[in-house]
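data-v3.pdb follows (PDB, C-alpha atoms):
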ATOM      1  CA  MET A1468       0.000   0.000   0.000
ATOM      2  CA  LYS A1469       1.211   3.518  -0.815
ATOM      3  CA  LYS A1470       2.100   5.989   1.918
ATOM      4  CA  ILE A1471      -0.623   8.598   2.400
ATOM      5  CA  ILE A1472      -0.561  12.054   3.968
ATOM      6  CA  ILE A1473      -3.919  13.150   5.391
ATOM      7  CA  THR A1474      -4.173  16.766   6.522
ATOM      8  CA  GLY A1475      -6.988  17.947   8.758
ATOM      9  CA  ALA A1476      -7.001  14.576  10.523
ATOM     10  CA  SER A1477      -8.719  15.982  13.613
ATOM     11  CA  GLY A1478     -11.571  17.554  11.650
ATOM     12  CA  TRP A1479     -14.834  15.945  10.618
ATOM     13  CA  PHE A1480     -13.750  15.121   7.058
ATOM     14  CA  GLY A1481     -10.337  13.901   8.159
ATOM     15  CA  LYS A1482     -11.794  11.621  10.826
ATOM     16  CA  SER A1483     -14.390  10.300   8.374
ATOM     17  CA  PHE A1484     -11.673   9.536   5.813
ATOM     18  CA  ILE A1485      -9.570   7.729   8.431
ATOM     19  CA  LYS A1486     -12.564   5.752   9.688
ATOM     20  CA  LYS A1487     -13.526   4.593   6.178
ATOM     21  CA  GLY A1488      -9.922   3.735   5.297
ATOM     22  CA  TYR A1489      -9.684   1.589   8.402
ATOM     23  CA  GLU A1490     -13.031  -0.114   7.676
ATOM     24  CA  ILE A1491     -11.824  -1.083   4.186
ATOM     25  CA  TYR A1492      -8.104  -1.777   4.699
ATOM     26  CA  GLY A1493      -7.701  -2.288   8.442
ATOM     27  CA  THR A1494      -4.478  -1.588  10.279
ATOM     28  CA  THR A1495      -2.500  -1.658   7.023
ATOM     29  CA  PHE A1496      -4.182   1.627   6.124
ATOM     30  CA  ILE A1497      -3.399   3.157   9.511
ATOM     31  CA  SER A1498       0.259   2.116   9.412
ATOM     32  CA  ASN A1499       0.695   3.604   5.925
ATOM     33  CA  CYS A1500      -0.722   7.023   6.780
ATOM     34  CA  TYR A1501       0.669  10.214   8.183
ATOM     35  CA  PHE A1502      -2.103  12.043  10.020
ATOM     36  CA  ILE A1503      -1.578  15.808  10.127
ATOM     37  CA  SER A1504      -3.430  18.134  12.495
ATOM     38  CA  SER A1505      -2.742  21.447  14.203
ATOM     39  CA  ARG A1506      -0.597  19.772  16.862
ATOM     40  CA  ASN A1507       0.958  16.438  17.792
ATOM     41  CA  ARG A1508      -1.632  14.449  19.730
ATOM     42  CA  SER A1509      -3.500  11.185  20.175
ATOM     43  CA  LEU A1510      -6.811  11.244  18.359
ATOM     44  CA  LYS A1511      -9.824   9.108  19.245
ATOM     45  CA  ILE A1512     -12.022   8.292  16.274
ATOM     46  CA  PRO A1513     -15.398   6.657  17.009
ATOM     47  CA  THR A1514     -15.494   2.914  16.170
ATOM     48  CA  LEU A1515     -11.691   2.599  15.902
ATOM     49  CA  PRO A1516     -10.394   0.306  18.659
ATOM     50  CA  PHE A1517      -7.309   2.500  19.200
ATOM     51  CA  GLU A1518      -6.189   6.109  19.014
ATOM     52  CA  VAL A1519      -4.224   7.427  16.056
ATOM     53  CA  GLU A1520      -1.259   9.716  16.456
ATOM     54  CA  THR A1521      -1.306  13.016  14.622
ATOM     55  CA  ILE A1522       1.632  15.253  13.855
ATOM     56  CA  ASP A1523       1.771  18.961  13.093
ATOM     57  CA  PHE A1524       2.989  20.475   9.818
ATOM     58  CA  ASN A1525       6.409  21.211  11.290
ATOM     59  CA  THR A1526       6.953  17.554  12.219
ATOM     60  CA  ALA A1527       5.445  16.475   8.891
ATOM     61  CA  SER A1528       8.090  18.462   7.027
ATOM     62  CA  GLN A1529      10.369  15.444   7.537
ATOM     63  CA  ILE A1530       8.135  13.135   5.438
ATOM     64  CA  ARG A1531       9.707  12.091   2.134
ATOM     65  CA  ASP A1532       8.065   8.788   1.158
ATOM     66  CA  ALA A1533       4.386   9.626   0.517
ATOM     67  CA  GLU A1534       2.669   9.095  -2.849
ATOM     68  CA  VAL A1535      -0.932  10.073  -2.026
ATOM     69  CA  PHE A1536      -2.085  13.350  -0.501
ATOM     70  CA  VAL A1537      -5.496  14.050   1.046
ATOM     71  CA  GLN A1538      -6.180  17.731   1.731
ATOM     72  CA  ALA A1539      -8.884  17.985   4.378
ATOM     73  CA  ALA A1540      -7.281  20.817   6.392
ATOM     74  CA  PHE A1541      -9.101  24.132   6.243
ATOM     75  CA  LEU A1542     -10.719  26.342   8.850
ATOM     76  CA  THR A1543     -14.498  26.130   8.756
ATOM     77  CA  HIS A1544     -16.700  29.000   7.659
ATOM     78  CA  GLU A1545     -17.835  29.429  11.274
ATOM     79  CA  LYS A1546     -14.271  30.344  12.339
ATOM     80  CA  ILE A1547     -14.588  33.653  10.467
ATOM     81  CA  ASN A1548     -16.879  34.859  13.280
ATOM     82  CA  GLU A1549     -14.352  33.787  15.931
ATOM     83  CA  MET A1550     -11.282  35.308  14.252
ATOM     84  CA  SER A1551     -10.583  38.520  12.443
ATOM     85  CA  CYS A1552     -10.872  38.222   8.666
ATOM     86  CA  GLU A1553      -7.135  38.880   8.419
ATOM     87  CA  SER A1554      -6.287  36.092  10.895
ATOM     88  CA  TYR A1555      -8.673  33.693   9.175
ATOM     89  CA  TYR A1556      -7.165  34.490   5.782
ATOM     90  CA  LYS A1557      -3.579  34.082   7.033
ATOM     91  CA  ALA A1558      -4.314  30.800   8.836
ATOM     92  CA  ASN A1559      -5.846  29.225   5.725
ATOM     93  CA  ILE A1560      -3.074  30.517   3.445
ATOM     94  CA  ASP A1561      -0.564  28.950   5.867
ATOM     95  CA  ILE A1562      -2.437  25.621   5.683
ATOM     96  CA  ILE A1563      -2.464  25.735   1.871
ATOM     97  CA  ASN A1564       1.236  26.627   1.664
ATOM     98  CA  ASN A1565       2.255  23.999   4.221
ATOM     99  CA  SER A1566       0.255  21.380   2.314
ATOM    100  CA  LEU A1567       1.806  22.358  -1.003
ATOM    101  CA  GLY A1568       5.225  22.168   0.650
ATOM    102  CA  LEU A1569       4.550  18.587   1.730
ATOM    103  CA  ILE A1570       3.484  17.707  -1.791
ATOM    104  CA  ALA A1571       6.621  19.276  -3.277
ATOM    105  CA  GLN A1572       8.965  17.277  -1.057
ATOM    106  CA  ASN A1573       7.273  13.926  -1.716
ATOM    107  CA  ASN A1574       6.555  11.913  -4.835
ATOM    108  CA  ILE A1575       2.817  12.604  -4.763
ATOM    109  CA  GLN A1576       1.081  10.935  -7.705
ATOM    110  CA  ASN A1577      -2.535  11.282  -6.533
ATOM    111  CA  GLN A1578      -4.218  14.008  -4.540
ATOM    112  CA  ILE A1579      -7.694  14.322  -3.114
ATOM    113  CA  ILE A1580      -8.956  17.774  -2.185
ATOM    114  CA  ILE A1581     -11.945  18.154   0.120
ATOM    115  CA  SER A1582     -13.535  21.404  -1.022
ATOM    116  CA  SER A1583     -16.893  23.134  -0.846
ATOM    117  CA  GLY A1584     -19.862  23.836  -3.061
ATOM    118  CA  ALA A1585     -19.532  27.406  -1.789
ATOM    119  CA  VAL A1586     -16.912  28.021  -4.494
ATOM    120  CA  LYS A1587     -19.761  28.039  -7.011
ATOM    121  CA  PHE A1588     -22.521  29.788  -5.103
ATOM    122  CA  LYS A1589     -21.036  32.348  -2.742
ATOM    123  CA  ASN A1590     -18.608  35.214  -2.812
ATOM    124  CA  ASP A1591     -17.427  35.512   0.770
ATOM    125  CA  LEU A1592     -13.991  35.053   2.341
ATOM    126  CA  TYR A1593     -14.483  31.309   2.856
ATOM    127  CA  SER A1594     -15.568  30.579  -0.718
ATOM    128  CA  VAL A1595     -12.865  32.805  -2.225
ATOM    129  CA  LEU A1596     -10.197  30.978  -0.197
ATOM    130  CA  LYS A1597     -11.614  27.546  -1.089
ATOM    131  CA  SER A1598     -11.573  28.513  -4.772
ATOM    132  CA  PHE A1599      -7.983  29.735  -4.396
ATOM    133  CA  GLU A1600      -7.070  26.453  -2.689
ATOM    134  CA  GLU A1601      -8.566  24.398  -5.530
ATOM    135  CA  GLN A1602      -6.612  26.357  -8.143
ATOM    136  CA  LYS A1603      -3.331  26.011  -6.250
ATOM    137  CA  PHE A1604      -3.781  22.239  -6.046
ATOM    138  CA  ILE A1605      -4.933  21.882  -9.649
ATOM    139  CA  ASN A1606      -1.819  23.728 -10.799
ATOM    140  CA  ASN A1607       0.759  22.030  -8.553
ATOM    141  CA  GLY A1608       1.845  19.383 -11.070
ATOM    142  CA  VAL A1609       0.413  16.274  -9.401
ATOM    143  CA  PRO A1610      -0.628  13.845 -12.188
ATOM    144  CA  LYS A1611      -4.022  12.881 -10.751
ATOM    145  CA  THR A1612      -6.324  15.187  -8.801
ATOM    146  CA  LEU A1613      -9.780  14.459  -7.431
ATOM    147  CA  ILE A1614     -11.769  17.296  -5.888
ATOM    148  CA  PHE A1615     -14.725  16.510  -3.635
ATOM    149  CA  ARG A1616     -16.983  19.531  -3.401
ATOM    150  CA  VAL A1617     -19.226  19.114  -0.395
ATOM    151  CA  PHE A1618     -22.524  20.918  -0.830
ATOM    152  CA  GLY A1619     -23.834  20.247   2.651
ATOM    153  CA  ALA A1620     -22.404  18.340   5.563
ATOM    154  CA  MET A1621     -23.119  17.949   9.220
ATOM    155  CA  GLY A1622     -20.570  16.499  11.584
TER     156      GLY A1622
END
Let's see the structure in the file written out as structure tokens.
Amino acid sequence: MKKIIITGASGWFGKSFIKKGYEIYGTTFISNCYFISSRNRSLKIPTLPFEVETIDFNTASQIRDAEVFVQAAFLTHEKINEMSCESYYKANIDIINNSLGLIAQNNIQNQIIISSGAVKFKNDLYSVLKSFEEQKFINNGVPKTLIFRVFGAMG
């Protein structure tokens, strides 16, 4: 099995991706993944009989053997109300740049981007940043890209 980097591992989409990967491939999936979150920690995912260890982007910068990249890291739309627009913008740009850095230093052949239907229907800070994210990943030179645009989700 190929080595996989999954960003946003502690978020709803990240946890769902990990859970489904484990259901299909078992512990082989878990042992072949790097789970990235905002900090190094043990993460409990419902129905998994163990915790998974996440690492932050700084620790992840040492990874050199991944071939698949799953981009699920992004601050939710609701965070705009908790942060200043400038802080929200900067935090998401940092996530995008850190993710692209991980891709550049690995031999990523396939990437999956978890995006939002908001890129087509809204014109707010969140949707503009999600659209920007999609374009950066489309243009990063990875041979195969799959974008999942979520049009409604509840964690």
Inset, instruction - Find the residues near range 1554-1558 of chain A: any atom within 8 Å, counting only C-alpha atoms, skip ones fewer than 6 places away on the same chain, and give them as a list in words. - result: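 The contact residues come out as Leu1542, Lys1546, Ile1547, Leu1592 and Leu1596 of chain A.
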Could the residues in this selection be saved with C-alpha atoms as a PDB file, in the coordinates of the input?
ATOM      1  CA  LEU A1542     -10.719  26.342   8.850  1.00  0.00           C
ATOM      2  CA  LYS A1546     -14.271  30.344  12.339  1.00  0.00           C
ATOM      3  CA  ILE A1547     -14.588  33.653  10.467  1.00  0.00           C
ATOM      4  CA  LEU A1592     -13.991  35.053   2.341  1.00  0.00           C
ATOM      5  CA  LEU A1596     -10.197  30.978  -0.197  1.00  0.00           C
TER       6      LEU A1596
END
Requested in this report: Measure the distance from CA of Ser1505 in chain A to CA of Ile1491 in chain A in Å and round it to one decimal.
Outcome: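 Atom-to-atom, CA of Ser1505 in chain A and CA of Ile1491 in chain A are spaced 26.3 Å apart.
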Would you list the contacts of Ile1522 in chain A as a compact mmCIF listing (two decimals) with C-alpha atoms, keeping the file's coordinate frame, taking every protein, DNA or RNA residue within 10 Å and counting only C-alpha atoms, but skipping same-chain residues closer than 6 positions in sequence?
# COMPACT_ATOMS: atom_id res chain seq x y z
CA THR A 1474 -4.17 16.77 6.52
CA ALA A 1476 -7.00 14.58 10.52
CA TYR A 1501 0.67 10.21 8.18
CA PHE A 1502 -2.10 12.04 10.02
CA ILE A 1503 -1.58 15.81 10.13
CA SER A 1504 -3.43 18.13 12.50
CA SER A 1505 -2.74 21.45 14.20
CA ARG A 1506 -0.60 19.77 16.86
CA ASN A 1507 0.96 16.44 17.79
CA ARG A 1508 -1.63 14.45 19.73
CA SER A 1509 -3.50 11.18 20.18
CA SER A 1528 8.09 18.46 7.03
Can you pull out the residues contacting Gln1602 in chain A? Cut-off 12 Å, using all atoms listed in the file, and skip same-chain residues under 5 positions away; I want them as a ChimeraX atom specification. /A:1563,1567,1580,1582,1586,1595-1597,1607-1608,1612,1614
One residue among A:Ser1477, A:Leu1613, A:Asp1532, A:Thr1495 is nearest to Ala1571 in chain A when using all atoms listed in the file, and that residue is A:Asp1532
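Taking CA of Lys1589 in chain A and CA of Cys1552 in chain A as the two end points, the separation is 16.4 Å.
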